[in-house]
>>> print(open('start_27.json').read())   # JSON, C-alpha atoms and all ligand atoms
[["chain", "number", "residue", "atom", "x", "y", "z"],
["M", 75, "MET", "CA", 38.82, 56.29, -38.90],
["M", 76, "THR", "CA", 42.38, 56.01, -37.64],
["M", 77, "LYS", "CA", 42.73, 57.62, -34.21],
["M", 78, "ILE", "CA", 45.79, 59.82, -33.82],
["M", 79, "LEU", "CA", 46.94, 61.70, -30.75],
["M", 80, "ILE", "CA", 48.93, 64.87, -31.33],
["M", 81, "ALA", "CA", 50.69, 64.97, -27.99],
["M", 82, "ARG", "CA", 51.88, 68.59, -27.97],
["M", 83, "ASN", "CA", 51.00, 72.07, -29.25],
["M", 84, "LEU", "CA", 52.03, 72.43, -32.89],
["M", 85, "PRO", "CA", 51.74, 75.07, -35.63],
["M", 86, "GLU", "CA", 48.09, 75.28, -36.74],
["M", 87, "SER", "CA", 48.81, 74.26, -40.33],
["M", 88, "VAL", "CA", 50.22, 70.93, -39.14],
["M", 89, "VAL", "CA", 47.20, 70.16, -36.98],
["M", 90, "ALA", "CA", 44.89, 71.07, -39.87],
["M", 91, "GLU", "CA", 46.76, 68.73, -42.22],
["M", 92, "ALA", "CA", 46.59, 65.88, -39.73],
["M", 93, "ARG", "CA", 42.84, 66.45, -39.23],
["M", 94, "GLU", "CA", 42.28, 66.00, -42.97],
["M", 95, "ALA", "CA", 43.65, 62.47, -42.80],
["M", 96, "PHE", "CA", 42.85, 61.24, -39.31],
["M", 97, "ASP", "CA", 40.50, 61.37, -36.34],
["M", 98, "VAL", "CA", 42.77, 63.66, -34.32],
["M", 99, "THR", "CA", 42.81, 64.27, -30.60],
["M", 100, "TYR", "CA", 44.85, 67.42, -30.14],
["M", 101, "ARG", "CA", 46.59, 67.90, -26.81],
["M", 102, "ASP", "CA", 47.21, 71.62, -27.32],
["M", 103, "ARG", "CA", 49.66, 72.05, -24.44],
["M", 104, "PRO", "CA", 53.36, 72.94, -24.14],
["M", 105, "ASP", "CA", 54.20, 70.53, -21.32],
["M", 106, "PRO", "CA", 55.17, 66.86, -21.64],
["M", 107, "MET", "CA", 52.51, 64.20, -21.00],
["M", 108, "SER", "CA", 51.93, 62.77, -17.54],
["M", 109, "ARG", "CA", 52.58, 59.08, -17.05],
["M", 110, "ASP", "CA", 48.85, 58.33, -17.34],
["M", 111, "GLU", "CA", 48.66, 60.29, -20.57],
["M", 112, "MET", "CA", 51.70, 58.42, -21.90],
["M", 113, "LEU", "CA", 50.05, 55.09, -21.13],
["M", 114, "ALA", "CA", 46.79, 56.23, -22.73],
["M", 115, "SER", "CA", 48.70, 57.41, -25.80],
["M", 116, "LEU", "CA", 49.84, 53.84, -26.35],
["M", 117, "THR", "CA", 46.61, 52.06, -25.46],
["M", 118, "GLU", "CA", 43.88, 54.33, -26.84],
["M", 119, "TYR", "CA", 45.27, 55.56, -30.17],
["M", 120, "ASP", "CA", 46.45, 53.98, -33.40],
["M", 121, "GLY", "CA", 49.33, 56.39, -33.73],
["M", 122, "VAL", "CA", 50.92, 59.26, -31.80],
["M", 123, "LEU", "CA", 52.69, 62.38, -32.98],
["M", 124, "VAL", "CA", 55.22, 62.82, -30.17],
["M", 125, "THR", "CA", 58.13, 65.06, -29.36],
["M", 126, "LEU", "CA", 61.01, 65.77, -27.00],
["M", 127, "GLY", "CA", 60.13, 65.50, -23.30],
["M", 128, "ASP", "CA", 57.81, 62.51, -23.60],
["M", 129, "SER", "CA", 59.98, 59.64, -22.49],
["M", 130, "TYR", "CA", 58.80, 56.42, -24.13],
["M", 131, "ASN", "CA", 61.11, 54.17, -22.12],
["M", 132, "ALA", "CA", 61.03, 50.44, -21.42],
["M", 133, "GLU", "CA", 59.01, 50.94, -18.25],
["M", 134, "VAL", "CA", 56.22, 52.84, -20.06],
["M", 135, "PHE", "CA", 56.02, 50.22, -22.80],
["M", 136, "ALA", "CA", 55.92, 47.44, -20.20],
["M", 137, "ALA", "CA", 53.13, 49.16, -18.29],
["M", 138, "ALA", "CA", 51.12, 49.70, -21.48],
["M", 139, "GLY", "CA", 51.13, 45.97, -22.32],
["M", 140, "VAL", "CA", 50.33, 45.22, -25.95],
["M", 141, "PRO", "CA", 49.96, 48.70, -27.39],
["M", 142, "ARG", "CA", 47.15, 49.74, -29.68],
["M", 143, "ALA", "CA", 49.49, 52.39, -31.12],
["M", 144, "ARG", "CA", 51.57, 51.08, -34.00],
["M", 145, "ILE", "CA", 53.55, 54.20, -34.79],
["M", 146, "LEU", "CA", 55.26, 57.00, -32.86],
["M", 147, "ALA", "CA", 55.90, 59.79, -35.37],
["M", 148, "ASN", "CA", 58.49, 61.95, -33.68],
["M", 149, "PHE", "CA", 58.47, 65.69, -34.30],
["M", 150, "GLY", "CA", 62.23, 66.33, -34.38],
["M", 151, "VAL", "CA", 65.30, 64.55, -35.64],
["M", 152, "GLY", "CA", 66.59, 63.52, -32.19],
["M", 153, "PHE", "CA", 64.78, 60.52, -30.74],
["M", 154, "ASN", "CA", 66.78, 59.75, -27.60],
["M", 155, "HIS", "CA", 63.55, 60.11, -25.57],
["M", 156, "ILE", "CA", 62.21, 56.96, -27.25],
["M", 157, "ASP", "CA", 63.58, 53.48, -26.58],
["M", 158, "VAL", "CA", 63.50, 52.43, -30.23],
["M", 159, "GLU", "CA", 64.53, 48.85, -29.53],
["M", 160, "VAL", "CA", 61.72, 48.34, -27.02],
["M", 161, "ALA", "CA", 59.27, 50.06, -29.36],
["M", 162, "ARG", "CA", 60.28, 47.74, -32.20],
["M", 163, "ASN", "CA", 59.82, 44.69, -29.99],
["M", 164, "ALA", "CA", 56.36, 45.96, -29.11],
["M", 165, "GLY", "CA", 55.57, 46.24, -32.82],
["M", 166, "VAL", "CA", 55.70, 50.04, -32.81],
["M", 167, "THR", "CA", 57.35, 51.88, -35.72],
["M", 168, "VAL", "CA", 59.27, 55.06, -34.89],
["M", 169, "THR", "CA", 59.88, 57.85, -37.41],
["M", 170, "ASN", "CA", 61.60, 61.25, -37.20],
["M", 171, "THR", "CA", 62.09, 64.44, -39.22],
["M", 172, "PRO", "CA", 65.66, 64.63, -40.55],
["M", 173, "GLY", "CA", 66.50, 67.31, -43.08],
["M", 174, "ALA", "CA", 63.89, 69.79, -41.89],
["M", 175, "VAL", "CA", 65.98, 70.72, -38.86],
["M", 176, "THR", "CA", 69.44, 70.84, -40.42],
["M", 177, "ASP", "CA", 69.97, 74.45, -41.49],
["M", 178, "ALA", "CA", 68.16, 76.04, -38.57],
["M", 179, "THR", "CA", 70.17, 73.99, -36.08],
["M", 180, "ALA", "CA", 73.45, 74.75, -37.85],
["M", 181, "ASP", "CA", 72.50, 78.45, -37.73],
["M", 182, "ILE", "CA", 72.06, 78.25, -33.95],
["M", 183, "ALA", "CA", 75.50, 76.63, -33.73],
["M", 184, "MET", "CA", 76.95, 79.62, -35.60],
["M", 185, "THR", "CA", 75.01, 81.99, -33.33],
["M", 186, "LEU", "CA", 76.51, 80.34, -30.26],
["M", 187, "MET", "CA", 80.00, 80.20, -31.73],
["M", 188, "LEU", "CA", 79.92, 83.90, -32.56],
["M", 189, "MET", "CA", 78.33, 84.89, -29.28],
["M", 190, "SER", "CA", 80.75, 82.87, -27.19],
["M", 191, "CYS", "CA", 83.91, 83.76, -29.14],
["M", 192, "ARG", "CA", 83.02, 87.45, -29.36],
["M", 193, "ARG", "CA", 81.65, 87.65, -25.82],
["M", 194, "ALA", "CA", 78.32, 88.96, -27.10],
["M", 195, "GLY", "CA", 76.22, 87.71, -24.18],
["M", 196, "GLU", "CA", 78.57, 89.24, -21.66],
["M", 197, "GLY", "CA", 78.63, 92.52, -23.59],
["M", 198, "GLU", "CA", 74.86, 92.64, -23.90],
["M", 199, "ARG", "CA", 74.45, 92.08, -20.18],
["M", 200, "MET", "CA", 76.94, 94.88, -19.51],
["M", 201, "VAL", "CA", 75.04, 97.37, -21.68],
["M", 202, "ARG", "CA", 71.69, 96.36, -20.14],
["M", 203, "ALA", "CA", 73.10, 96.77, -16.65],
["M", 204, "GLY", "CA", 74.18, 100.32, -17.50],
["M", 205, "SER", "CA", 77.77, 99.48, -16.55],
["M", 206, "TRP", "CA", 79.42, 100.08, -19.93],
["M", 207, "GLN", "CA", 82.13, 102.72, -19.52],
["M", 208, "GLY", "CA", 82.65, 103.36, -23.24],
["M", 209, "TRP", "CA", 84.75, 101.92, -26.05],
["M", 210, "HIS", "CA", 88.48, 101.48, -25.63],
["M", 211, "PRO", "CA", 91.06, 99.62, -27.71],
["M", 212, "VAL", "CA", 91.38, 96.54, -25.53],
["M", 213, "GLN", "CA", 87.83, 96.32, -24.22],
["M", 214, "MET", "CA", 86.32, 92.81, -24.14],
["M", 215, "LEU", "CA", 88.67, 91.22, -26.63],
["M", 216, "GLY", "CA", 87.39, 87.87, -27.84],
["M", 217, "LEU", "CA", 88.42, 85.15, -30.24],
["M", 218, "HIS", "CA", 88.44, 86.09, -33.95],
["M", 219, "MET", "CA", 86.78, 83.18, -35.78],
["M", 220, "THR", "CA", 88.15, 83.83, -39.27],
["M", 221, "GLY", "CA", 90.98, 81.43, -40.04],
["M", 222, "LYS", "CA", 90.55, 79.41, -36.84],
["M", 223, "THR", "CA", 89.88, 75.68, -36.66],
["M", 224, "VAL", "CA", 86.47, 74.28, -35.77],
["M", 225, "GLY", "CA", 86.24, 70.71, -34.50],
["M", 226, "ILE", "CA", 82.93, 68.94, -35.01],
["M", 227, "LEU", "CA", 81.98, 65.89, -32.98],
["M", 228, "GLY", "CA", 79.48, 63.92, -35.04],
["M", 229, "MET", "CA", 79.50, 64.61, -38.76],
["M", 230, "GLY", "CA", 75.93, 63.83, -39.77],
["M", 231, "ARG", "CA", 73.66, 66.24, -41.60],
["M", 232, "ILE", "CA", 73.85, 68.95, -38.95],
["M", 233, "GLY", "CA", 77.59, 68.55, -38.40],
["M", 234, "GLN", "CA", 78.18, 68.88, -42.13],
["M", 235, "ALA", "CA", 75.96, 71.97, -42.35],
["M", 236, "ILE", "CA", 78.00, 73.58, -39.56],
["M", 237, "ALA", "CA", 81.22, 72.61, -41.36],
["M", 238, "ARG", "CA", 80.05, 74.26, -44.60],
["M", 239, "ARG", "CA", 79.13, 77.45, -42.80],
["M", 240, "CYS", "CA", 82.52, 77.54, -41.06],
["M", 241, "HIS", "CA", 84.51, 76.76, -44.18],
["M", 242, "TYR", "CA", 82.71, 78.87, -46.77],
["M", 243, "GLY", "CA", 81.36, 81.62, -44.52],
["M", 244, "PHE", "CA", 84.20, 82.12, -42.06],
["M", 245, "GLY", "CA", 87.29, 80.81, -43.83],
["M", 246, "MET", "CA", 87.84, 78.33, -41.04],
["M", 247, "ASP", "CA", 89.68, 75.02, -41.13],
["M", 248, "VAL", "CA", 87.41, 72.08, -40.40],
["M", 249, "ALA", "CA", 88.27, 69.05, -38.29],
["M", 250, "TYR", "CA", 85.89, 66.34, -37.16],
["M", 251, "MET", "CA", 85.47, 63.06, -35.41],
["M", 252, "SER", "CA", 83.02, 60.55, -36.76],
["M", 253, "ARG", "CA", 82.72, 56.80, -37.14],
["M", 254, "SER", "CA", 83.40, 56.95, -40.86],
["M", 255, "GLU", "CA", 85.32, 59.17, -43.24],
["M", 256, "LYS", "CA", 82.92, 61.64, -44.89],
["M", 257, "ALA", "CA", 82.95, 62.67, -48.54],
["M", 258, "LEU", "CA", 82.84, 66.46, -48.16],
["M", 259, "ASP", "CA", 83.08, 69.19, -50.79],
["M", 260, "HIS", "CA", 85.76, 71.02, -48.79],
["M", 261, "PRO", "CA", 88.94, 69.99, -46.98],
["M", 262, "ALA", "CA", 88.59, 68.58, -43.47],
["M", 263, "THR", "CA", 90.83, 66.65, -41.09],
["M", 264, "ARG", "CA", 89.42, 63.58, -39.40],
["M", 265, "TYR", "CA", 90.53, 62.56, -35.91],
["M", 266, "ASP", "CA", 89.92, 59.22, -34.26],
["M", 267, "THR", "CA", 89.16, 60.29, -30.73],
["M", 268, "PRO", "CA", 87.36, 63.22, -29.10],
["M", 269, "GLU", "CA", 90.53, 64.01, -27.10],
["M", 270, "GLU", "CA", 92.64, 64.36, -30.26],
["M", 271, "LEU", "CA", 89.99, 66.51, -31.89],
["M", 272, "ALA", "CA", 89.66, 68.68, -28.77],
["M", 273, "ALA", "CA", 93.43, 69.21, -28.56],
["M", 274, "ASN", "CA", 93.68, 70.51, -32.12],
["M", 275, "VAL", "CA", 90.83, 72.99, -32.47],
["M", 276, "ASP", "CA", 89.87, 76.49, -31.38],
["M", 277, "ILE", "CA", 86.16, 75.78, -31.19],
["M", 278, "LEU", "CA", 84.72, 72.36, -30.35],
["M", 279, "VAL", "CA", 81.10, 71.80, -31.43],
["M", 280, "THR", "CA", 78.99, 68.73, -30.69],
["M", 281, "ALA", "CA", 76.46, 67.51, -33.22],
["M", 282, "LEU", "CA", 76.03, 64.01, -31.80],
["M", 283, "PRO", "CA", 72.64, 62.28, -31.51],
["M", 284, "GLY", "CA", 72.46, 61.95, -27.72],
["M", 285, "GLY", "CA", 71.25, 58.94, -25.76],
["M", 286, "ALA", "CA", 73.20, 56.03, -24.27],
["M", 287, "ALA", "CA", 75.61, 55.60, -27.20],
["M", 288, "THR", "CA", 76.97, 59.16, -27.04],
["M", 289, "ARG", "CA", 76.47, 59.94, -23.33],
["M", 290, "HIS", "CA", 79.29, 62.06, -21.86],
["M", 291, "THR", "CA", 81.39, 61.87, -25.04],
["M", 292, "VAL", "CA", 82.68, 65.24, -23.88],
["M", 293, "ASN", "CA", 83.97, 64.29, -20.44],
["M", 294, "ALA", "CA", 86.62, 65.72, -18.11],
["M", 295, "ASP", "CA", 89.43, 64.23, -20.24],
["M", 296, "VAL", "CA", 88.14, 65.80, -23.45],
["M", 297, "LEU", "CA", 87.69, 69.15, -21.73],
["M", 298, "ALA", "CA", 91.21, 68.85, -20.30],
["M", 299, "ALA", "CA", 92.55, 68.31, -23.82],
["M", 300, "MET", "CA", 91.05, 71.61, -25.01],
["M", 301, "ARG", "CA", 93.26, 74.65, -25.18],
["M", 302, "PRO", "CA", 92.70, 77.55, -22.75],
["M", 303, "HIS", "CA", 91.61, 79.96, -25.50],
["M", 304, "ALA", "CA", 89.13, 77.43, -26.97],
["M", 305, "HIS", "CA", 85.34, 77.55, -26.85],
["M", 306, "PHE", "CA", 82.83, 74.73, -26.56],
["M", 307, "VAL", "CA", 79.41, 74.72, -28.26],
["M", 308, "ASN", "CA", 76.56, 72.22, -27.88],
["M", 309, "ILE", "CA", 73.48, 72.25, -30.10],
["M", 310, "SER", "CA", 72.66, 68.53, -29.97],
["M", 311, "ARG", "CA", 71.66, 66.94, -26.68],
["M", 312, "GLY", "CA", 72.74, 67.87, -23.18],
["M", 313, "ASP", "CA", 73.74, 64.35, -22.23],
["M", 314, "VAL", "CA", 76.62, 64.25, -24.72],
["M", 315, "VAL", "CA", 78.48, 66.44, -22.22],
["M", 316, "ASP", "CA", 79.34, 65.81, -18.60],
["M", 317, "GLU", "CA", 77.79, 69.08, -17.45],
["M", 318, "ALA", "CA", 79.53, 69.05, -14.05],
["M", 319, "ALA", "CA", 82.92, 68.65, -15.75],
["M", 320, "LEU", "CA", 82.06, 71.46, -18.16],
["M", 321, "ILE", "CA", 81.11, 73.77, -15.30],
["M", 322, "ALA", "CA", 84.42, 73.01, -13.56],
["M", 323, "ALA", "CA", 86.42, 73.70, -16.74],
["M", 324, "LEU", "CA", 84.63, 77.02, -17.20],
["M", 325, "GLN", "CA", 84.91, 78.04, -13.55],
["M", 326, "GLU", "CA", 88.63, 77.31, -13.53],
["M", 327, "LYS", "CA", 89.04, 79.07, -16.90],
["M", 328, "ARG", "CA", 90.62, 75.96, -18.40],
["M", 329, "ILE", "CA", 88.60, 76.80, -21.49],
["M", 330, "ALA", "CA", 87.62, 80.31, -22.61],
["M", 331, "GLY", "CA", 83.88, 79.93, -22.95],
["M", 332, "ALA", "CA", 80.88, 77.91, -23.96],
["M", 333, "GLY", "CA", 77.67, 78.35, -25.90],
["M", 334, "LEU", "CA", 74.86, 75.95, -25.02],
["M", 335, "ASP", "CA", 71.42, 75.37, -26.52],
["M", 336, "VAL", "CA", 70.79, 72.11, -24.68],
["M", 337, "TYR", "CA", 71.33, 70.83, -21.13],
["M", 338, "GLU", "CA", 71.86, 67.53, -19.42],
["M", 339, "PHE", "CA", 68.70, 67.78, -17.30],
["M", 340, "GLU", "CA", 66.62, 70.11, -19.45],
["M", 341, "PRO", "CA", 64.89, 72.43, -18.62],
["M", 342, "GLN", "CA", 66.98, 72.60, -15.45],
["M", 343, "VAL", "CA", 70.08, 74.70, -15.96],
["M", 344, "PRO", "CA", 72.42, 74.51, -12.97],
["M", 345, "GLU", "CA", 72.84, 77.74, -11.02],
["M", 346, "ALA", "CA", 76.62, 77.28, -11.26],
["M", 347, "LEU", "CA", 76.29, 77.54, -15.05],
["M", 348, "ARG", "CA", 73.94, 80.51, -14.90],
["M", 349, "ASP", "CA", 76.37, 82.30, -12.57],
["M", 350, "LEU", "CA", 79.21, 82.16, -15.08],
["M", 351, "ASP", "CA", 79.96, 85.11, -17.32],
["M", 352, "ASN", "CA", 81.82, 83.10, -19.96],
["M", 353, "VAL", "CA", 78.79, 81.12, -21.14],
["M", 354, "VAL", "CA", 75.96, 81.83, -23.53],
["M", 355, "LEU", "CA", 72.77, 79.99, -22.57],
["M", 356, "LEU", "CA", 69.88, 79.52, -25.00],
["M", 357, "PRO", "CA", 66.57, 77.73, -24.32],
["M", 358, "HIS", "CA", 66.81, 74.91, -26.95],
["M", 359, "LEU", "CA", 66.20, 77.26, -29.88],
["M", 360, "GLY", "CA", 67.77, 74.96, -32.52],
["M", 361, "THR", "CA", 64.72, 74.72, -34.76],
["M", 362, "ALA", "CA", 62.66, 77.56, -33.34],
["M", 363, "ALA", "CA", 61.37, 79.23, -36.51],
["M", 364, "LEU", "CA", 57.78, 78.83, -37.72],
["M", 365, "GLU", "CA", 58.58, 77.55, -41.21],
["M", 366, "VAL", "CA", 61.02, 75.00, -39.78],
["M", 367, "ARG", "CA", 58.50, 73.72, -37.23],
["M", 368, "GLU", "CA", 55.86, 73.58, -40.01],
["M", 369, "GLU", "CA", 58.17, 71.48, -42.17],
["M", 370, "MET", "CA", 58.96, 69.18, -39.23],
["M", 371, "GLY", "CA", 55.21, 68.79, -38.64],
["M", 372, "ARG", "CA", 54.52, 68.10, -42.32],
["M", 373, "MET", "CA", 57.16, 65.37, -42.25],
["M", 374, "ALA", "CA", 55.71, 63.78, -39.12],
["M", 375, "VAL", "CA", 52.20, 63.79, -40.67],
["M", 376, "ALA", "CA", 53.61, 62.37, -43.94],
["M", 377, "ASN", "CA", 55.09, 59.48, -41.97],
["M", 378, "LEU", "CA", 51.73, 58.81, -40.31],
["M", 379, "CYS", "CA", 49.92, 58.97, -43.67],
["M", 380, "ALA", "CA", 52.36, 56.58, -45.35],
["M", 381, "PHE", "CA", 52.20, 54.16, -42.44],
["M", 382, "PHE", "CA", 48.42, 53.94, -42.36],
["M", 383, "ALA", "CA", 48.28, 53.71, -46.17],
["M", 384, "GLY", "CA", 50.41, 50.58, -45.84],
["M", 385, "GLU", "CA", 53.35, 52.22, -47.61],
["M", 386, "PRO", "CA", 56.97, 52.33, -46.41],
["M", 387, "VAL", "CA", 57.41, 55.26, -44.01],
["M", 388, "PRO", "CA", 59.73, 57.95, -45.44],
["M", 389, "ASN", "CA", 61.74, 58.44, -42.25],
["M", 390, "PRO", "CA", 62.06, 55.28, -40.16],
["M", 391, "VAL", "CA", 64.59, 55.34, -37.32],
["M", 401, "LIG", "C1", 63.49, 70.17, -31.81],
["M", 401, "LIG", "C2", 65.74, 69.03, -31.88],
["M", 401, "LIG", "O1", 62.88, 71.38, -31.82],
["M", 401, "LIG", "O2", 64.94, 68.04, -33.87],
["M", 401, "LIG", "C3", 65.51, 67.89, -32.81],
["M", 401, "LIG", "O3", 65.97, 66.81, -32.46],
["M", 401, "LIG", "O4", 66.59, 68.99, -31.09],
["M", 401, "LIG", "C4", 64.95, 70.27, -31.86],
["M", 401, "LIG", "O5", 65.55, 71.38, -32.31],
["M", 401, "LIG", "C5", 63.00, 69.40, -30.65],
["M", 401, "LIG", "O6", 63.93, 68.57, -30.09],
["M", 401, "LIG", "C6", 61.83, 68.60, -31.07],
["M", 401, "LIG", "O7", 62.12, 67.25, -31.14]]
>>> encode(input="start_27.json", output="structure tokens", more="lines below")
Ligand code: 8YV
Amino acid sequence: MTKILIARNLPESVVAEAREAFDVTYRDRPDPMSRDEMLASLTEYDGVLVTLGDSYNAEVFAAAGVPRARILANFGVGFNHIDVEVARNAGVTVTNTPGAVTDATADIAMTLMLMSCRRAGEGERMVRAGSWQGWHPVQMLGLHMTGKTVGILGMGRIGQAIARRCHYGFGMDVAYMSRSEKALDHPATRYDTPEELAANVDILVTALPGGAATRHTVNADVLAAMRPHAHFVNISRGDVVDEAALIAALQEKRIAGAGLDVYEFEPQVPEALRDLDNVVLLPHLGTAALEVREEMGRMAVANLCAFFAGEPVPNPV
């Protein structure tokens, strides 16, 4: 029977489904694999269900030699923790779970936009600390989202889901930067560079894939182009932003605030960021809802099943 390693704790229904099809070794733990475990995952199993935090880089593949594993089925849409090129050269197929994550991740973007613009984190901390002095007409005034312009960096599935929410739900104008013009069912302005986009919006949101190709797309220049009342939101990968430059922009109040679900060196969140009042910090909650994680798991298992049945995998990357 085909030997599969499930490398991380998953919803029970997903593990049960995988067990029906494969000889499963279930690593029921929340932490990423050690280097030895990573090597063993490639040399002792036919396929691995992997996720964020397990870095299948060139060095790991080189150390593993000719892998026994022929597929890495990633649980998640983002696969910047896997060197896909190296995997391909080693004869290893990589799959992911697009679609399943889209709405939940777009919802977290809206959560962060609202929380940052309306200073909800700051207000909640004030109430908890017992330091609220009572309502008054100019207390904690934030940015009203209705009618403002959102700028989306990266207009894939998640970017488009954020755009729809902003346009239809909040009456916002939509602007974006992406490699190609997108056929959308609502008006949107496309800009060619991140700087131009940043200069023309009230809220800048990143929905880029992460990894080498998009590293530090939001750098000091892009942050400098933003307007002082503007907010920045990141729900994609921490490395799309130069975190040190973001911290400086926030400290110097060159932008009004930020809402972050992801970090450059996750799970480390710099103290300088945690010290700031004008940021909302979430622990990578993008897809954190049981039914979403179950759907992601079902997709990962479906990719494994198709692969070992000799059929085309539904979600190759
Ligand atoms: C996942 C995500 O929960 O799907 C993704 O790429 O960023 C998440 O929300 C996590 O990364 C698992 O891969």
>>> closest_residue(input="start_27.json", among="M:Val353, M:Val224, M:Ala287, M:Ala147", to="Phe381 of chain M", atoms="all atoms listed in the file")
M:Ala147
>>> closest_residue(input="start_27.json", among="M:Asn377, M:Asn83, M:Thr223, M:Gln213", to="ligand LIG 401 (chain M)", atoms="all atoms listed in the file")
M:Asn83
>>> residues_near_ligand(input="start_27.json", ligand="ligand LIG 401 (chain M)", cutoff="8 Å", atoms="only C-alpha atoms and all ligand atoms", output="PDB file with C-alpha atoms, in the frame of the given file")
ATOM      1  CA  THR M 125      58.130  65.060 -29.360  1.00  0.00           C
ATOM      2  CA  LEU M 126      61.010  65.770 -27.000  1.00  0.00           C
ATOM      3  CA  ASN M 148      58.490  61.950 -33.680  1.00  0.00           C
ATOM      4  CA  PHE M 149      58.470  65.690 -34.300  1.00  0.00           C
ATOM      5  CA  GLY M 150      62.230  66.330 -34.380  1.00  0.00           C
ATOM      6  CA  VAL M 151      65.300  64.550 -35.640  1.00  0.00           C
ATOM      7  CA  GLY M 152      66.590  63.520 -32.190  1.00  0.00           C
ATOM      8  CA  PHE M 153      64.780  60.520 -30.740  1.00  0.00           C
ATOM      9  CA  THR M 171      62.090  64.440 -39.220  1.00  0.00           C
ATOM     10  CA  PRO M 172      65.660  64.630 -40.550  1.00  0.00           C
ATOM     11  CA  VAL M 175      65.980  70.720 -38.860  1.00  0.00           C
ATOM     12  CA  THR M 179      70.170  73.990 -36.080  1.00  0.00           C
ATOM     13  CA  ILE M 309      73.480  72.250 -30.100  1.00  0.00           C
ATOM     14  CA  SER M 310      72.660  68.530 -29.970  1.00  0.00           C
ATOM     15  CA  ARG M 311      71.660  66.940 -26.680  1.00  0.00           C
ATOM     16  CA  HIS M 358      66.810  74.910 -26.950  1.00  0.00           C
ATOM     17  CA  LEU M 359      66.200  77.260 -29.880  1.00  0.00           C
ATOM     18  CA  GLY M 360      67.770  74.960 -32.520  1.00  0.00           C
ATOM     19  CA  THR M 361      64.720  74.720 -34.760  1.00  0.00           C
ATOM     20  CA  ALA M 362      62.660  77.560 -33.340  1.00  0.00           C
ATOM     21  CA  ARG M 367      58.500  73.720 -37.230  1.00  0.00           C
TER      22      ARG M 367
END
>>> atom_distance(input="start_27.json", atom1="atom CA of Arg192 of chain M", atom2="atom CA of Asp276 of chain M")
13.1 Å
>>> closest_atom_pairs(input="start_27.json", of="segment 297-389 of chain M", to="segment 97-117 of chain M", cutoff="12 Å", atoms="all atoms listed in the file", output="Markdown table")
| residue | atom | partner | partner_atom | distance |
| --- | --- | --- | --- | --- |
| M:Pro341 | CA | M:Asp105 | CA | 11.2 |
| M:Val375 | CA | M:Val98 | CA | 11.4 |
| M:Leu378 | CA | M:Val98 | CA | 11.8 |
>>> closest_residue(input="start_27.json", among="M:Pro283, M:Leu271, M:Asn308, M:Val89", to="Asp295 of chain M", atoms="all atoms listed in the file")
M:Leu271
>>> closest_residue(input="start_27.json", among="M:Tyr119, M:Ala294, M:Ala132, M:Val366", to="Ala322 of chain M", atoms="all atoms listed in the file")
M:Ala294
>>> atom_distance(input="start_27.json", atom1="atom CA of Ile156 of chain M", atom2="atom CA of Ala272 of chain M")
29.9 Å
>>> atom_distance(input="start_27.json", atom1="atom CA of Asp335 of chain M", atom2="atom CA of Ala281 of chain M")
11.5 Å
>>> residues_around(input="start_27.json", residues="Ala262 of chain M", least_positions_apart="5", cutoff="10 Å", atoms="only C-alpha atoms", output="ChimeraX atom specification")
/M:223-225,237,241,247-250,255-257
>>> write_last_selection(input="start_27.json", atoms="C-alpha atoms", output="PDB file, in the coordinates of the input")
ATOM      1  CA  THR M 223      89.880  75.680 -36.660  1.00  0.00           C
ATOM      2  CA  VAL M 224      86.470  74.280 -35.770  1.00  0.00           C
ATOM      3  CA  GLY M 225      86.240  70.710 -34.500  1.00  0.00           C
ATOM      4  CA  ALA M 237      81.220  72.610 -41.360  1.00  0.00           C
ATOM      5  CA  HIS M 241      84.510  76.760 -44.180  1.00  0.00           C
ATOM      6  CA  ASP M 247      89.680  75.020 -41.130  1.00  0.00           C
ATOM      7  CA  VAL M 248      87.410  72.080 -40.400  1.00  0.00           C
ATOM      8  CA  ALA M 249      88.270  69.050 -38.290  1.00  0.00           C
ATOM      9  CA  TYR M 250      85.890  66.340 -37.160  1.00  0.00           C
ATOM     10  CA  GLU M 255      85.320  59.170 -43.240  1.00  0.00           C
ATOM     11  CA  LYS M 256      82.920  61.640 -44.890  1.00  0.00           C
ATOM     12  CA  ALA M 257      82.950  62.670 -48.540  1.00  0.00           C
TER      13      ALA M 257
END
>>> residues_near_point(input="start_27.json", point="(58.0, 45.7, -24.0)", cutoff="10 Å", atoms="all atoms listed in the file", output="list in words")
Asn131, Ala132, Glu133, Val134, Phe135, Ala136, Ala137, Ala138, Gly139, Val140, Pro141, Asp157, Glu159, Val160, Ala161, Arg162, Asn163, Ala164 and Gly165 of chain M
